[in-house]
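Here's input04.tsv, which has TSV, C-alpha atoms:
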chain	number	residue	atom	x	y	z
A	325	MET	CA	127.14	48.47	96.68
A	326	LYS	CA	124.87	47.62	93.75
A	327	ASN	CA	125.90	43.92	93.77
A	328	GLY	CA	125.04	43.69	97.46
A	329	LEU	CA	121.58	45.11	96.82
A	330	LEU	CA	120.97	42.65	93.97
A	331	LEU	CA	121.81	39.69	96.25
A	332	LEU	CA	119.65	41.03	99.08
A	333	PRO	CA	116.26	40.02	97.57
A	334	LEU	CA	117.48	36.42	97.04
A	335	ALA	CA	118.59	36.21	100.65
A	336	ILE	CA	115.24	37.55	101.86
A	337	LEU	CA	113.38	35.07	99.64
A	338	SER	CA	115.41	32.14	101.00
A	339	PHE	CA	114.76	33.30	104.55
A	340	ILE	CA	110.99	33.51	103.98
A	341	GLU	CA	110.92	30.00	102.53
A	342	ARG	CA	112.81	28.60	105.51
A	343	VAL	CA	110.57	30.34	108.02
A	344	SER	CA	107.43	29.14	106.25
A	345	SER	CA	108.72	25.56	106.00
A	346	PHE	CA	109.78	25.61	109.63
A	347	SER	CA	106.40	26.92	110.82
A	348	TYR	CA	104.53	24.28	108.84
A	349	SER	CA	106.68	21.35	110.03
A	350	LYS	CA	106.62	22.61	113.64
A	351	ALA	CA	102.83	22.74	113.64
A	352	HIS	CA	102.70	19.06	112.61
A	353	SER	CA	105.28	18.08	115.21
A	354	ILE	CA	103.17	19.64	117.97
A	355	ASP	CA	100.16	17.51	117.12
A	356	PRO	CA	100.96	14.53	114.93
A	357	LYS	CA	97.28	13.59	114.78
A	358	VAL	CA	96.53	16.63	112.68
A	359	LYS	CA	96.26	15.66	109.07
A	360	CYS	CA	97.80	17.61	106.28
A	361	CYS	CA	94.46	18.62	104.90
A	362	ASP	CA	93.30	19.77	108.37
A	363	PHE	CA	96.25	22.12	108.79
A	364	PRO	CA	96.42	24.74	106.04
A	365	ALA	CA	99.63	25.00	104.13
A	366	PRO	CA	101.42	28.34	104.42
A	367	ASP	CA	100.14	30.98	102.01
A	368	PHE	CA	103.39	31.57	100.18
A	369	ASN	CA	103.51	32.53	96.53
A	370	ARG	CA	107.06	32.51	95.22
A	371	ARG	CA	106.22	34.48	92.08
A	372	ASN	CA	104.47	37.30	93.96
A	373	ALA	CA	107.23	37.40	96.54
A	374	ILE	CA	109.87	37.75	93.84
A	375	LYS	CA	107.90	40.59	92.22
A	376	ALA	CA	107.53	42.43	95.53
A	377	ILE	CA	111.17	42.01	96.49
A	378	GLY	CA	112.25	43.03	92.99
A	379	SER	CA	110.28	46.27	93.27
A	380	VAL	CA	111.87	47.05	96.63
A	381	ALA	CA	115.37	46.34	95.29
A	382	THR	CA	114.77	48.51	92.22
A	383	SER	CA	113.58	51.41	94.37
A	384	ALA	CA	116.61	51.04	96.62
A	385	LEU	CA	118.97	51.12	93.62
A	386	LEU	CA	117.32	54.26	92.28
A	387	VAL	CA	117.55	56.02	95.63
A	388	LEU	CA	121.17	55.05	96.27
A	389	SER	CA	122.47	55.58	92.73
A	390	PRO	CA	125.35	58.11	92.41
A	391	GLN	CA	123.30	60.36	90.13
A	392	ASN	CA	120.51	60.72	92.66
A	393	ALA	CA	123.02	61.15	95.47
A	394	VAL	CA	124.62	64.08	93.64
A	395	ALA	CA	121.23	65.59	92.83
A	396	SER	CA	120.27	65.32	96.50
A	397	GLU	CA	123.46	67.05	97.57
A	398	GLU	CA	122.89	69.84	95.05
A	399	ARG	CA	119.43	70.70	96.35
A	400	PRO	CA	119.61	74.00	98.25
A	401	LYS	CA	118.79	73.82	101.93
A	402	GLN	CA	115.87	75.89	103.08
A	403	SER	CA	117.10	78.56	105.43
A	404	ILE	CA	115.22	78.86	108.69
A	405	ASP	CA	116.38	82.46	108.99
A	406	VAL	CA	114.59	83.68	105.86
A	407	VAL	CA	111.98	86.26	106.82
A	408	PRO	CA	109.36	87.18	104.22
A	409	PRO	CA	109.20	90.87	103.30
A	410	PRO	CA	106.38	92.85	104.90
A	411	THR	CA	103.27	93.09	102.78
A	412	GLY	CA	101.91	96.44	101.70
A	413	GLU	CA	105.21	98.28	102.05
A	414	ALA	CA	105.89	100.86	99.37
A	415	PRO	CA	108.88	100.16	97.08
A	416	LEU	CA	111.71	102.55	96.28
A	417	ILE	CA	110.89	104.83	93.37
A	418	GLU	CA	113.70	106.19	91.22
A	419	LEU	CA	113.34	109.76	90.01
A	420	GLN	CA	114.64	110.99	86.67
A	421	ASN	CA	117.83	112.37	88.23
A	422	GLY	CA	118.70	109.04	89.90
A	423	VAL	CA	117.45	109.91	93.39
A	424	LYS	CA	115.42	107.12	95.00
A	425	VAL	CA	112.56	107.78	97.38
A	426	LYS	CA	110.34	105.61	99.55
A	427	ASP	CA	107.42	106.82	101.68
A	428	PHE	CA	106.96	105.31	105.12
A	429	LYS	CA	104.12	107.72	105.92
A	430	SER	CA	102.22	109.65	103.26
A	431	GLY	CA	101.23	112.58	105.45
A	432	THR	CA	97.97	114.52	105.52
A	433	GLY	CA	96.17	117.00	103.30
A	434	ASP	CA	96.11	117.55	99.57
A	435	ALA	CA	98.88	120.16	99.41
A	436	THR	CA	102.35	118.92	98.49
A	437	VAL	CA	105.83	120.42	98.54
A	438	LYS	CA	106.74	122.26	95.34
A	439	ALA	CA	110.18	122.89	93.84
A	440	ASP	CA	110.17	126.44	95.29
A	441	SER	CA	108.58	125.72	98.69
A	442	SER	CA	110.08	126.62	102.04
A	443	VAL	CA	110.21	123.53	104.29
A	444	GLN	CA	110.98	122.65	107.88
A	445	ILE	CA	112.17	119.10	108.34
A	446	GLN	CA	113.55	116.72	110.94
A	447	CYS	CA	116.06	114.42	109.29
A	448	SER	CA	118.98	112.08	109.76
A	449	GLY	CA	121.78	111.44	107.27
A	450	LYS	CA	123.72	108.18	106.96
A	451	LEU	CA	126.69	106.94	104.97
A	452	LEU	CA	125.83	103.76	103.09
A	453	ASN	CA	129.49	102.97	102.39
A	454	LEU	CA	130.15	102.85	106.15
A	455	ASN	CA	127.20	100.54	106.86
A	456	GLY	CA	124.87	103.35	107.80
A	457	VAL	CA	127.12	105.46	110.03
A	458	SER	CA	125.23	108.64	110.95
A	459	PHE	CA	126.82	111.99	110.11
A	460	TYR	CA	123.82	114.26	110.64
A	461	ASN	CA	120.71	114.34	112.83
A	462	THR	CA	118.48	117.28	113.67
A	463	LYS	CA	117.78	115.65	117.04
A	464	ASN	CA	121.26	116.80	118.04
A	465	ASN	CA	120.22	120.41	117.34
A	466	ASN	CA	118.63	121.13	120.70
A	467	PRO	CA	120.43	124.17	122.12
A	468	ASP	CA	117.80	125.23	124.68
A	469	GLY	CA	116.65	121.77	125.76
A	470	PHE	CA	113.08	122.29	124.53
A	471	GLY	CA	113.26	119.93	121.57
A	472	ALA	CA	115.13	119.49	118.33
A	473	VAL	CA	115.14	122.52	116.07
A	474	PRO	CA	114.07	121.54	112.52
A	475	LEU	CA	116.20	122.29	109.50
A	476	THR	CA	114.69	125.08	107.41
A	477	ILE	CA	115.37	125.03	103.67
A	478	LYS	CA	114.12	127.23	100.87
A	479	LEU	CA	114.03	124.91	97.88
A	480	GLY	CA	115.39	126.10	94.55
A	481	ARG	CA	117.78	128.59	96.19
A	482	GLY	CA	120.88	126.38	96.27
A	483	GLU	CA	120.78	126.05	100.06
A	484	ALA	CA	120.73	122.23	100.25
A	485	ILE	CA	122.29	119.47	98.20
A	486	PRO	CA	120.23	118.99	95.01
A	487	GLY	CA	119.42	115.34	95.70
A	488	LEU	CA	117.75	116.17	99.00
A	489	GLU	CA	115.71	119.00	97.49
A	490	SER	CA	114.37	116.88	94.64
A	491	GLY	CA	113.59	114.08	97.08
A	492	ILE	CA	111.48	116.33	99.30
A	493	VAL	CA	109.32	117.62	96.44
A	494	GLY	CA	105.89	115.97	96.51
A	495	MET	CA	105.80	115.29	100.27
A	496	ARG	CA	102.76	116.11	102.41
A	497	LYS	CA	102.72	117.60	105.90
A	498	GLY	CA	103.57	114.96	108.47
A	499	GLY	CA	104.97	112.63	105.83
A	500	ILE	CA	108.07	110.50	106.38
A	501	ARG	CA	110.26	109.66	103.41
A	502	ARG	CA	113.56	107.87	102.81
A	503	ILE	CA	115.76	109.52	100.20
A	504	ILE	CA	118.82	107.85	98.68
A	505	ILE	CA	121.08	110.30	96.88
A	506	PRO	CA	123.84	109.43	94.37
A	507	PRO	CA	127.27	111.06	94.91
A	508	GLU	CA	126.93	113.53	92.03
A	509	LEU	CA	123.85	115.07	93.67
A	510	ALA	CA	125.26	115.03	97.21
A	511	TYR	CA	128.45	116.15	98.97
A	512	SER	CA	130.91	114.91	96.36
A	513	LYS	CA	130.08	117.97	94.24
A	514	PHE	CA	128.35	120.17	96.84
A	515	PRO	CA	130.36	119.79	100.07
A	516	ASP	CA	129.33	123.14	101.57
A	517	LEU	CA	125.55	122.84	101.26
A	518	GLU	CA	123.00	121.78	103.88
A	519	PRO	CA	122.54	119.60	105.78
A	520	LYS	CA	125.97	120.22	107.33
A	521	PRO	CA	127.44	118.00	110.05
A	522	MET	CA	127.09	119.61	113.49
A	523	ASN	CA	130.37	118.50	115.05
A	524	ALA	CA	133.93	117.55	114.12
A	525	ASN	CA	133.37	113.79	114.48
A	526	ASP	CA	130.43	113.79	112.09
A	527	GLN	CA	132.38	115.94	109.62
A	528	ARG	CA	135.31	113.50	109.71
A	529	ALA	CA	132.98	110.59	109.02
A	530	LEU	CA	131.52	112.40	106.02
A	531	ASP	CA	134.94	113.43	104.72
A	532	SER	CA	136.27	109.87	105.00
A	533	VAL	CA	133.80	108.86	102.31
A	534	VAL	CA	133.41	112.00	100.19
A	535	LYS	CA	137.12	112.69	99.89
A	536	ASN	CA	138.07	109.11	99.14
A	537	PRO	CA	137.52	108.35	95.42
A	538	ARG	CA	137.60	104.60	96.10
A	539	ARG	CA	134.49	104.80	98.26
A	540	ASP	CA	130.86	105.07	97.27
A	541	ALA	CA	129.62	108.45	98.50
A	542	THR	CA	125.90	107.60	98.22
A	543	ILE	CA	123.92	109.25	101.02
A	544	LEU	CA	120.72	108.19	102.73
A	545	PHE	CA	118.36	110.64	104.42
A	546	ASP	CA	115.25	109.85	106.45
A	547	VAL	CA	113.08	112.98	106.37
A	548	SER	CA	110.02	113.96	108.40
A	549	LEU	CA	108.22	117.00	107.04
A	550	GLU	CA	106.90	119.21	109.85
A	551	ARG	CA	105.57	122.11	107.79
A	552	PHE	CA	106.00	123.95	104.52
A	553	LYS	CA	104.69	126.91	102.64
Mind turning the file's structure into structure tokens?
Amino acid sequence: MKNGLLLLPLAILSFIERVSSFSYSKAHSIDPKVKCCDFPAPDFNRRNAIKAIGSVATSALLVLSPQNAVASEERPKQSIDVVPPPTGEAPLIELQNGVKVKDFKSGTGDATVKADSSVQIQCSGKLLNLNGVSFYNTKNNNPDGFGAVPLTIKLGRGEAIPGLESGIVGMRKGGIRRIIIPPELAYSKFPDLEPKPMNANDQRALDSVVKNPRRDATILFDVSLERFK
């Protein structure tokens, strides 16, 4: 490949000389009365041509060299599916006990939930190990058809799993928060505490993770705080 590229400039140079010589001789054959000094000789500079062709050949060798070919193949392709993260979105914050929280809506007012507050929440629980399968949702608690009944919890009384209680502390009325709870603060150690699945299918989904030591029993809750006192 390299030898062919080295011979290419010489072939181009020979071709240019032939074309120039042919053009000059053809012009004289058309009108033999034209004197040599009346018809300008072709503007062909062999030295400059060699320099130009040499530069082109050198560039071609550099581009087609095996090292550059490998480097080109190793460059990562830019994915057209990459979507930039939304700006201004709050990051997950890890609490001292390992619970992670993220506010989607801060809520209103100056008052916040304390460790001994009584709260009413709408929430949904999902199993991260099962790609977000839902095992709890207060929207399913609608016995009279007039709307979902919120879950009422008195914090600090041992009514709900500890990870959920600590994640709710600090919320404002109307706030929406995502809470990610490690297994040791969720159902792995506190299987009988709220929020409890409302039907047999949801309970089986929860048990398939909590009762299987090979699975990660991390729980995710999305919580909307309706009121507290």
Checklist entry - Suppose you want the space between CA of Asp526 (chain A) and CA of Ser458 (chain A); what is it in Å? => result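 CA of Ser458 (chain A) lies 7.4 Å from CA of Asp526 (chain A).
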So which residues touch region 491-499 of chain A within 12 Å, counting all atoms listed in the file, skipping near sequence neighbours fewer than 3 positions away, as an mmCIF file with C-alpha atoms, keeping the file's coordinate frame?
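Contents of the output file selection.cif:
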data_model
loop_
_atom_site.group_PDB
_atom_site.id
_atom_site.type_symbol
_atom_site.label_atom_id
_atom_site.label_comp_id
_atom_site.auth_asym_id
_atom_site.auth_seq_id
_atom_site.Cartn_x
_atom_site.Cartn_y
_atom_site.Cartn_z
ATOM 1 C CA LEU A 416 111.710 102.550 96.280
ATOM 2 C CA ILE A 417 110.890 104.830 93.370
ATOM 3 C CA GLU A 418 113.700 106.190 91.220
ATOM 4 C CA LEU A 419 113.340 109.760 90.010
ATOM 5 C CA GLN A 420 114.640 110.990 86.670
ATOM 6 C CA ASN A 421 117.830 112.370 88.230
ATOM 7 C CA GLY A 422 118.700 109.040 89.900
ATOM 8 C CA VAL A 423 117.450 109.910 93.390
ATOM 9 C CA LYS A 424 115.420 107.120 95.000
ATOM 10 C CA VAL A 425 112.560 107.780 97.380
ATOM 11 C CA LYS A 426 110.340 105.610 99.550
ATOM 12 C CA ASP A 427 107.420 106.820 101.680
ATOM 13 C CA PHE A 428 106.960 105.310 105.120
ATOM 14 C CA LYS A 429 104.120 107.720 105.920
ATOM 15 C CA SER A 430 102.220 109.650 103.260
ATOM 16 C CA GLY A 431 101.230 112.580 105.450
ATOM 17 C CA THR A 432 97.970 114.520 105.520
ATOM 18 C CA GLY A 433 96.170 117.000 103.300
ATOM 19 C CA ASP A 434 96.110 117.550 99.570
ATOM 20 C CA ALA A 435 98.880 120.160 99.410
ATOM 21 C CA THR A 436 102.350 118.920 98.490
ATOM 22 C CA VAL A 437 105.830 120.420 98.540
ATOM 23 C CA LYS A 438 106.740 122.260 95.340
ATOM 24 C CA ALA A 439 110.180 122.890 93.840
ATOM 25 C CA ASP A 440 110.170 126.440 95.290
ATOM 26 C CA SER A 441 108.580 125.720 98.690
ATOM 27 C CA SER A 442 110.080 126.620 102.040
ATOM 28 C CA VAL A 443 110.210 123.530 104.290
ATOM 29 C CA GLN A 444 110.980 122.650 107.880
ATOM 30 C CA ILE A 445 112.170 119.100 108.340
ATOM 31 C CA GLN A 446 113.550 116.720 110.940
ATOM 32 C CA CYS A 447 116.060 114.420 109.290
ATOM 33 C CA ILE A 477 115.370 125.030 103.670
ATOM 34 C CA LYS A 478 114.120 127.230 100.870
ATOM 35 C CA LEU A 479 114.030 124.910 97.880
ATOM 36 C CA GLY A 480 115.390 126.100 94.550
ATOM 37 C CA ALA A 484 120.730 122.230 100.250
ATOM 38 C CA ILE A 485 122.290 119.470 98.200
ATOM 39 C CA PRO A 486 120.230 118.990 95.010
ATOM 40 C CA GLY A 487 119.420 115.340 95.700
ATOM 41 C CA LEU A 488 117.750 116.170 99.000
ATOM 42 C CA ARG A 502 113.560 107.870 102.810
ATOM 43 C CA ILE A 503 115.760 109.520 100.200
ATOM 44 C CA ILE A 504 118.820 107.850 98.680
ATOM 45 C CA ILE A 505 121.080 110.300 96.880
ATOM 46 C CA PRO A 506 123.840 109.430 94.370
ATOM 47 C CA LEU A 509 123.850 115.070 93.670
ATOM 48 C CA ALA A 510 125.260 115.030 97.210
ATOM 49 C CA LEU A 544 120.720 108.190 102.730
ATOM 50 C CA PHE A 545 118.360 110.640 104.420
ATOM 51 C CA ASP A 546 115.250 109.850 106.450
ATOM 52 C CA VAL A 547 113.080 112.980 106.370
ATOM 53 C CA SER A 548 110.020 113.960 108.400
ATOM 54 C CA LEU A 549 108.220 117.000 107.040
ATOM 55 C CA GLU A 550 106.900 119.210 109.850
ATOM 56 C CA ARG A 551 105.570 122.110 107.790
ATOM 57 C CA PHE A 552 106.000 123.950 104.520
ATOM 58 C CA LYS A 553 104.690 126.910 102.640
#
Checklist entry - Looking at A:Leu451, A:Pro415, A:Val473, A:Pro467, which one is nearest to Asp531 (chain A), with distances taken over all atoms listed in the file? => result A:Leu451
Checklist entry - At what distance in Å, to one decimal, does CA of Asn455 (chain A) lie from CA of Pro537 (chain A)? => result 17.3 Å
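Between CA of Gly456 (chain A) and CA of Tyr511 (chain A) the interatomic distance comes to 16.0 Å.
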Next on the checklist: Using only C-alpha atoms for the distances, tell me which of A:Ser448, A:Asn461, A:Thr542, A:Asn525 is nearest to Lys513 (chain A).
Outcome noted: A:Thr542
Checklist entry - From the set A:Ile543, A:Val533, A:Glu508, A:Met522, which residue has the shortest atom-to-atom contact distance to Lys463 (chain A), counting only C-alpha atoms? => result A:Met522
